[in-house]
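*Asks:* Enclosed is the structure file data00.cif (mmCIF, N, CA and C atoms).
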data_my_file
#
loop_
_atom_site.label_atom_id
_atom_site.label_comp_id
_atom_site.auth_asym_id
_atom_site.auth_seq_id
_atom_site.Cartn_x
_atom_site.Cartn_y
_atom_site.Cartn_z
N MET A 25 34.79 53.29 49.21
CA MET A 25 33.85 52.20 49.33
C MET A 25 32.78 52.57 50.36
N ARG A 26 31.52 52.21 50.02
CA ARG A 26 30.39 52.56 50.91
C ARG A 26 30.26 51.54 52.01
N THR A 27 29.83 52.02 53.16
CA THR A 27 29.58 51.11 54.27
C THR A 27 28.15 50.62 54.18
N PRO A 28 27.90 49.37 54.52
CA PRO A 28 26.53 48.85 54.46
C PRO A 28 25.63 49.54 55.49
N LEU A 29 24.33 49.61 55.14
CA LEU A 29 23.37 50.24 56.06
C LEU A 29 23.12 49.32 57.25
N THR A 30 22.94 49.94 58.39
CA THR A 30 22.62 49.16 59.59
C THR A 30 21.12 48.86 59.60
N THR A 31 20.72 47.98 60.47
CA THR A 31 19.31 47.61 60.60
C THR A 31 18.47 48.83 60.95
N GLY A 32 18.97 49.67 61.83
CA GLY A 32 18.24 50.87 62.23
C GLY A 32 18.04 51.82 61.07
N GLN A 33 19.06 51.97 60.22
CA GLN A 33 18.94 52.85 59.06
C GLN A 33 17.94 52.29 58.04
N CYS A 34 17.93 50.97 57.87
CA CYS A 34 16.96 50.34 56.96
C CYS A 34 15.53 50.56 57.46
N LEU A 35 15.32 50.42 58.77
CA LEU A 35 13.98 50.63 59.33
C LEU A 35 13.54 52.08 59.17
N ILE A 36 14.45 53.01 59.36
CA ILE A 36 14.12 54.43 59.19
C ILE A 36 13.76 54.70 57.74
N ALA A 37 14.51 54.16 56.80
CA ALA A 37 14.23 54.35 55.37
C ALA A 37 12.87 53.75 55.00
N ALA A 38 12.56 52.57 55.53
CA ALA A 38 11.27 51.93 55.25
C ALA A 38 10.11 52.75 55.81
N ASN A 39 10.30 53.30 57.01
CA ASN A 39 9.25 54.13 57.61
C ASN A 39 9.04 55.43 56.84
N VAL A 40 10.11 56.04 56.37
CA VAL A 40 9.99 57.26 55.58
C VAL A 40 9.25 56.97 54.27
N ALA A 41 9.58 55.84 53.63
CA ALA A 41 8.90 55.46 52.39
C ALA A 41 7.41 55.20 52.65
N ALA A 42 7.09 54.51 53.73
CA ALA A 42 5.69 54.24 54.05
C ALA A 42 4.94 55.52 54.36
N LEU A 43 5.58 56.44 55.07
CA LEU A 43 4.95 57.73 55.39
C LEU A 43 4.70 58.54 54.12
N GLY A 44 5.65 58.51 53.18
CA GLY A 44 5.47 59.20 51.91
C GLY A 44 4.32 58.61 51.11
N LEU A 45 4.20 57.29 51.07
CA LEU A 45 3.10 56.63 50.37
C LEU A 45 1.76 56.98 51.01
N LEU A 46 1.71 57.00 52.33
CA LEU A 46 0.49 57.36 53.04
C LEU A 46 0.08 58.80 52.73
N ALA A 47 1.05 59.70 52.67
CA ALA A 47 0.76 61.10 52.35
C ALA A 47 0.19 61.22 50.94
N ILE A 48 0.73 60.47 49.99
CA ILE A 48 0.21 60.51 48.61
C ILE A 48 -1.22 60.03 48.56
N VAL A 49 -1.52 58.93 49.25
CA VAL A 49 -2.87 58.38 49.24
C VAL A 49 -3.86 59.33 49.90
N GLU A 50 -3.48 59.89 51.04
CA GLU A 50 -4.39 60.78 51.79
C GLU A 50 -4.64 62.10 51.08
N LEU A 51 -3.65 62.62 50.38
CA LEU A 51 -3.79 63.92 49.74
C LEU A 51 -4.35 63.84 48.32
N SER A 52 -4.52 62.63 47.78
CA SER A 52 -5.06 62.49 46.43
C SER A 52 -6.57 62.74 46.45
N ALA A 53 -7.12 63.05 45.28
CA ALA A 53 -8.56 63.31 45.15
C ALA A 53 -9.35 62.02 45.32
N PRO A 54 -10.60 62.12 45.81
CA PRO A 54 -11.41 60.91 45.94
C PRO A 54 -11.77 60.35 44.56
N ALA A 55 -12.08 59.07 44.52
CA ALA A 55 -12.48 58.44 43.27
C ALA A 55 -13.78 59.05 42.78
N THR A 56 -13.93 59.21 41.48
CA THR A 56 -15.11 59.86 40.94
C THR A 56 -16.38 59.05 41.17
N ALA A 57 -16.27 57.75 41.31
CA ALA A 57 -17.46 56.94 41.56
C ALA A 57 -18.02 57.18 42.95
N GLN A 58 -17.21 57.70 43.86
CA GLN A 58 -17.65 57.90 45.24
C GLN A 58 -18.17 59.32 45.48
N VAL A 59 -17.95 60.21 44.55
CA VAL A 59 -18.36 61.61 44.73
C VAL A 59 -19.82 61.75 44.34
N GLY A 60 -20.61 62.38 45.18
CA GLY A 60 -21.98 62.72 44.83
C GLY A 60 -23.03 61.66 45.11
N ARG A 61 -22.65 60.46 45.49
CA ARG A 61 -23.66 59.44 45.78
C ARG A 61 -24.01 59.50 47.26
N ALA A 62 -25.29 59.59 47.52
CA ALA A 62 -25.75 59.65 48.91
C ALA A 62 -25.53 58.30 49.59
N ARG A 63 -25.36 58.35 50.87
CA ARG A 63 -25.21 57.12 51.64
C ARG A 63 -26.55 56.39 51.67
N SER A 64 -26.52 55.11 51.42
CA SER A 64 -27.76 54.34 51.35
C SER A 64 -28.27 53.98 52.74
N THR A 65 -29.58 53.81 52.81
CA THR A 65 -30.22 53.24 54.00
C THR A 65 -30.99 52.03 53.53
N TYR A 66 -31.08 51.05 54.39
CA TYR A 66 -31.67 49.77 54.01
C TYR A 66 -32.78 49.38 54.97
N THR A 67 -33.73 48.65 54.44
CA THR A 67 -34.79 48.04 55.25
C THR A 67 -34.85 46.57 54.86
N ALA A 68 -34.98 45.70 55.87
CA ALA A 68 -35.05 44.27 55.60
C ALA A 68 -36.30 43.70 56.26
N ALA A 69 -36.90 42.73 55.58
CA ALA A 69 -38.07 42.04 56.12
C ALA A 69 -38.01 40.59 55.69
N SER A 70 -38.43 39.70 56.58
CA SER A 70 -38.44 38.28 56.23
C SER A 70 -39.82 37.90 55.72
N GLY A 71 -39.86 36.84 54.96
CA GLY A 71 -41.13 36.38 54.43
C GLY A 71 -40.96 35.05 53.72
N ARG A 72 -42.02 34.61 53.09
CA ARG A 72 -42.00 33.36 52.33
C ARG A 72 -42.24 33.65 50.87
N ILE A 73 -41.72 32.79 50.04
CA ILE A 73 -42.03 32.86 48.61
C ILE A 73 -43.42 32.27 48.44
N PRO A 74 -44.35 33.00 47.79
CA PRO A 74 -45.72 32.50 47.67
C PRO A 74 -45.78 31.10 47.05
N GLY A 75 -46.57 30.24 47.68
CA GLY A 75 -46.77 28.88 47.19
C GLY A 75 -45.71 27.89 47.62
N THR A 76 -44.75 28.31 48.46
CA THR A 76 -43.69 27.41 48.92
C THR A 76 -43.51 27.57 50.42
N GLU A 77 -42.68 26.72 50.98
CA GLU A 77 -42.30 26.84 52.39
C GLU A 77 -40.94 27.52 52.53
N THR A 78 -40.43 28.09 51.44
CA THR A 78 -39.11 28.70 51.43
C THR A 78 -39.16 30.08 52.07
N HIS A 79 -38.31 30.30 53.06
CA HIS A 79 -38.21 31.60 53.72
C HIS A 79 -37.10 32.41 53.07
N VAL A 80 -37.34 33.70 52.88
CA VAL A 80 -36.35 34.59 52.29
C VAL A 80 -36.29 35.88 53.10
N VAL A 81 -35.25 36.67 52.87
CA VAL A 81 -35.14 38.01 53.44
C VAL A 81 -35.17 38.98 52.27
N TYR A 82 -36.10 39.93 52.34
CA TYR A 82 -36.22 40.97 51.32
C TYR A 82 -35.46 42.19 51.84
N ILE A 83 -34.54 42.72 51.06
CA ILE A 83 -33.73 43.88 51.45
C ILE A 83 -33.98 44.99 50.44
N VAL A 84 -34.39 46.17 50.93
CA VAL A 84 -34.66 47.32 50.07
C VAL A 84 -33.60 48.38 50.32
N ASP A 85 -32.95 48.82 49.24
CA ASP A 85 -32.04 49.97 49.29
C ASP A 85 -32.93 51.19 49.07
N GLU A 86 -33.14 51.98 50.11
CA GLU A 86 -34.09 53.10 50.03
C GLU A 86 -33.57 54.23 49.17
N THR A 87 -32.26 54.34 48.99
CA THR A 87 -31.69 55.41 48.18
C THR A 87 -31.89 55.14 46.69
N THR A 88 -31.55 53.94 46.25
CA THR A 88 -31.69 53.59 44.83
C THR A 88 -33.03 52.94 44.52
N GLN A 89 -33.80 52.64 45.54
CA GLN A 89 -35.11 51.99 45.43
C GLN A 89 -35.02 50.69 44.65
N GLU A 90 -34.11 49.84 45.11
CA GLU A 90 -33.95 48.52 44.54
C GLU A 90 -34.21 47.48 45.64
N LEU A 91 -34.74 46.34 45.24
CA LEU A 91 -35.07 45.28 46.19
C LEU A 91 -34.39 44.00 45.75
N ILE A 92 -33.81 43.28 46.72
CA ILE A 92 -33.29 41.95 46.44
C ILE A 92 -33.88 40.98 47.45
N ALA A 93 -33.99 39.73 47.04
CA ALA A 93 -34.44 38.66 47.93
C ALA A 93 -33.30 37.66 48.04
N VAL A 94 -32.94 37.30 49.28
CA VAL A 94 -31.85 36.36 49.52
C VAL A 94 -32.30 35.29 50.51
N GLN A 95 -31.59 34.16 50.44
CA GLN A 95 -31.89 33.04 51.34
C GLN A 95 -30.58 32.40 51.77
N TRP A 96 -30.53 31.92 53.00
CA TRP A 96 -29.37 31.20 53.50
C TRP A 96 -29.49 29.74 53.10
N ASP A 97 -28.46 29.21 52.46
CA ASP A 97 -28.42 27.80 52.07
C ASP A 97 -27.54 27.06 53.07
N PRO A 98 -28.13 26.24 53.95
CA PRO A 98 -27.33 25.58 54.99
C PRO A 98 -26.36 24.54 54.43
N ARG A 99 -26.67 23.96 53.26
CA ARG A 99 -25.76 22.95 52.69
C ARG A 99 -24.45 23.58 52.23
N SER A 100 -24.53 24.69 51.51
CA SER A 100 -23.31 25.34 51.02
C SER A 100 -22.80 26.40 51.99
N LYS A 101 -23.60 26.71 53.01
CA LYS A 101 -23.26 27.74 54.00
C LYS A 101 -22.97 29.08 53.32
N GLN A 102 -23.85 29.46 52.39
CA GLN A 102 -23.73 30.71 51.66
C GLN A 102 -25.10 31.35 51.50
N ILE A 103 -25.08 32.66 51.29
CA ILE A 103 -26.32 33.37 50.97
C ILE A 103 -26.56 33.23 49.47
N GLN A 104 -27.76 32.82 49.10
CA GLN A 104 -28.13 32.65 47.70
C GLN A 104 -29.09 33.77 47.31
N GLY A 105 -28.83 34.40 46.18
CA GLY A 105 -29.73 35.42 45.68
C GLY A 105 -30.95 34.80 45.03
N TYR A 106 -32.13 35.32 45.33
CA TYR A 106 -33.36 34.79 44.74
C TYR A 106 -33.91 35.70 43.66
N GLY A 107 -33.74 37.00 43.81
CA GLY A 107 -34.30 37.89 42.80
C GLY A 107 -33.96 39.34 43.06
N TYR A 108 -34.20 40.15 42.03
CA TYR A 108 -33.92 41.58 42.06
C TYR A 108 -35.08 42.30 41.40
N ARG A 109 -35.47 43.45 41.95
CA ARG A 109 -36.51 44.29 41.33
C ARG A 109 -36.09 45.74 41.44
N ASN A 110 -36.36 46.49 40.39
CA ASN A 110 -36.18 47.93 40.38
C ASN A 110 -37.56 48.51 40.67
N LEU A 111 -37.75 49.07 41.86
CA LEU A 111 -39.10 49.48 42.29
C LEU A 111 -39.68 50.62 41.46
N PRO A 112 -38.93 51.67 41.06
CA PRO A 112 -39.53 52.71 40.21
C PRO A 112 -39.99 52.17 38.86
N ALA A 113 -39.23 51.25 38.28
CA ALA A 113 -39.64 50.65 37.01
C ALA A 113 -40.92 49.83 37.18
N ASP A 114 -41.02 49.11 38.30
CA ASP A 114 -42.24 48.34 38.56
C ASP A 114 -43.44 49.26 38.77
N ALA A 115 -43.23 50.40 39.42
CA ALA A 115 -44.34 51.34 39.64
C ALA A 115 -44.85 51.92 38.32
N VAL A 116 -43.93 52.24 37.41
CA VAL A 116 -44.34 52.76 36.09
C VAL A 116 -45.11 51.68 35.35
N ASP A 117 -44.62 50.45 35.42
CA ASP A 117 -45.28 49.34 34.72
C ASP A 117 -46.66 49.04 35.30
N ALA A 118 -46.82 49.25 36.62
CA ALA A 118 -48.10 48.94 37.26
C ALA A 118 -49.21 49.90 36.85
N VAL A 119 -48.86 51.15 36.55
CA VAL A 119 -49.90 52.13 36.21
C VAL A 119 -50.12 52.25 34.70
N ARG A 120 -49.30 51.57 33.91
CA ARG A 120 -49.46 51.60 32.46
C ARG A 120 -50.73 50.84 32.06
N PRO A 121 -51.58 51.41 31.20
CA PRO A 121 -52.79 50.70 30.83
C PRO A 121 -52.48 49.44 30.03
N ARG A 122 -53.27 48.43 30.23
CA ARG A 122 -53.11 47.14 29.55
C ARG A 122 -54.11 47.08 28.38
N SER A 123 -53.66 46.50 27.30
CA SER A 123 -54.59 46.31 26.18
C SER A 123 -54.98 44.84 26.12
N ASN A 124 -56.25 44.60 25.78
CA ASN A 124 -56.76 43.22 25.71
C ASN A 124 -56.74 42.73 24.31
#
Would you encode the structure as C-alpha cells?

*Replies:*
Amino acid sequence: MRTPLTTGQCLIAANVAALGLLAIVELSAPATAQVGRARSTYTAASGRIPGTETHVVYIVDETTQELIAVQWDPRSKQIQGYGYRNLPADAVDAVRPRSN
C-alpha cells in the first residue's frame, strides 16, 4: 500500500510542474505575427472637429502611417473612437486627377 504524499512533497511536485511549463513557454518559437514587425512610434495632438466645439485627440502610428481620432466621454467614462484614416491611401487619392 502506498503512503500518502506530504504537503512538502506536493509543493515540490507543483513547483517542478510549473518550472517545466515555464521552460516549454520560454524555449518555444515566437508567434509568427510578432516576427518581423517593427516597433511602432506614435505622435498625438489635440484639436477640434471642424465646425463643432468637440475636442479630440489625433493619434498617428508612424510605422503603419495610420491615424485615429478619439474622445473621452465623461458620461460613460470611456474613450470613444471618432474616426480612422490610412494616410498613404489618402495621399494617393489626393494626387489623383479629378474629372469634371

*Asks:* Evaluate the PyMOL selection byres ((chain A and resi 65) around 5) here and jot the selected residues down as a ChimeraX atom specification.

*Replies:* /A:63-64,66-67,85-87

*Asks:* Calculated over only N, CA and C atoms, which of the candidates A:Arg109, A:Arg72, A:Arg26, A:Arg120 has the smallest distance to A:Leu91?

*Replies:*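 Of all the options, A:Arg109 lies closest to A:Leu91.
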
*Asks:* Residues picked by the PyMOL selection byres ((chain A and resi 79) around 7) here, as a list in words?

*Replies:* Ser70, Gly71, Arg72, Ile73, Thr76, Glu77, Thr78, Val80, Val81, Val94, Gln95 and Trp96 of chain A

*Asks:* Mind giving me the straight-line distance from atom CA of A:Arg122 to atom CA of A:Tyr106 in Å, one decimal?

*Replies:*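 The value is 27.8 Å.
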
*Asks:* If you measure from atom N of A:Thr31 to atom CA of A:Ala47, what distance in Å do you get, rounded to one decimal?

*Replies:*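 Here the two named atoms are 25.2 Å from each other.
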
*Asks:* One decimal, Å: what's the distance from atom CA of A:Tyr82 over to atom C of A:Ala115, could you say?

*Replies:*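 Interatomic distance here is 19.1 Å.
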
*Asks:* Considering only C-alpha atoms, can you say which of A:Ala53, A:Leu111, A:Ile48, A:Ala69 comes closest to A:Ala93?

*Replies:*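 Residue with the minimum atom-to-atom distance to A:Ala93: A:Ala69.
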
*Asks:* Per DSSP on the backbone, filter chain A down to the residues in alpha helix (DSSP H) and report them as a VMD selection string.

*Replies:* chain A and resid 31 to 51 111 to 119

*Asks:* Can you list, as a PDB file with N, CA and C atoms, in the frame of the given file, every protein, DNA or RNA residue that comes within 8 Å of A:Pro112 when you count all atoms listed in the file, leaving out same-chain residues fewer than 2 positions away?

*Replies:*
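Below you can see around_0.pdb, which holds the result:
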ATOM      1  N   THR A  88     -31.550  53.940  46.250  1.00  0.00           N
ATOM      2  CA  THR A  88     -31.690  53.590  44.830  1.00  0.00           C
ATOM      3  C   THR A  88     -33.030  52.940  44.520  1.00  0.00           C
ATOM      4  N   GLN A  89     -33.800  52.640  45.540  1.00  0.00           N
ATOM      5  CA  GLN A  89     -35.110  51.990  45.430  1.00  0.00           C
ATOM      6  C   GLN A  89     -35.020  50.690  44.650  1.00  0.00           C
ATOM      7  N   GLU A  90     -34.110  49.840  45.110  1.00  0.00           N
ATOM      8  CA  GLU A  90     -33.950  48.520  44.540  1.00  0.00           C
ATOM      9  C   GLU A  90     -34.210  47.480  45.640  1.00  0.00           C
ATOM     10  N   LEU A  91     -34.740  46.340  45.240  1.00  0.00           N
ATOM     11  CA  LEU A  91     -35.070  45.280  46.190  1.00  0.00           C
ATOM     12  C   LEU A  91     -34.390  44.000  45.750  1.00  0.00           C
ATOM     13  N   ARG A 109     -35.470  43.450  41.950  1.00  0.00           N
ATOM     14  CA  ARG A 109     -36.510  44.290  41.330  1.00  0.00           C
ATOM     15  C   ARG A 109     -36.090  45.740  41.440  1.00  0.00           C
ATOM     16  N   ASN A 110     -36.360  46.490  40.390  1.00  0.00           N
ATOM     17  CA  ASN A 110     -36.180  47.930  40.380  1.00  0.00           C
ATOM     18  C   ASN A 110     -37.560  48.510  40.670  1.00  0.00           C
ATOM     19  N   ASP A 114     -41.020  49.110  38.300  1.00  0.00           N
ATOM     20  CA  ASP A 114     -42.240  48.340  38.560  1.00  0.00           C
ATOM     21  C   ASP A 114     -43.440  49.260  38.770  1.00  0.00           C
ATOM     22  N   ALA A 115     -43.230  50.400  39.420  1.00  0.00           N
ATOM     23  CA  ALA A 115     -44.340  51.340  39.640  1.00  0.00           C
ATOM     24  C   ALA A 115     -44.850  51.920  38.320  1.00  0.00           C
ATOM     25  N   VAL A 116     -43.930  52.240  37.410  1.00  0.00           N
ATOM     26  CA  VAL A 116     -44.340  52.760  36.090  1.00  0.00           C
ATOM     27  C   VAL A 116     -45.110  51.680  35.350  1.00  0.00           C
ATOM     28  N   ASP A 117     -44.620  50.450  35.420  1.00  0.00           N
ATOM     29  CA  ASP A 117     -45.280  49.340  34.720  1.00  0.00           C
ATOM     30  C   ASP A 117     -46.660  49.040  35.300  1.00  0.00           C
ATOM     31  N   ALA A 118     -46.820  49.250  36.620  1.00  0.00           N
ATOM     32  CA  ALA A 118     -48.100  48.940  37.260  1.00  0.00           C
ATOM     33  C   ALA A 118     -49.210  49.900  36.850  1.00  0.00           C
TER      34      ALA A 118
END

*Asks:* Any chance you could work out the axis-aligned box around stretch 89-108 of chain A, listed atoms only, 3 Å on each side, giving centre and edge lengths in Å to one decimal, as AutoDock Vina command-line options?

*Replies:*
--center_x -29.0 --center_y 37.8 --center_z 48.2 --size_x 18.3 --size_y 35.7 --size_z 19.6
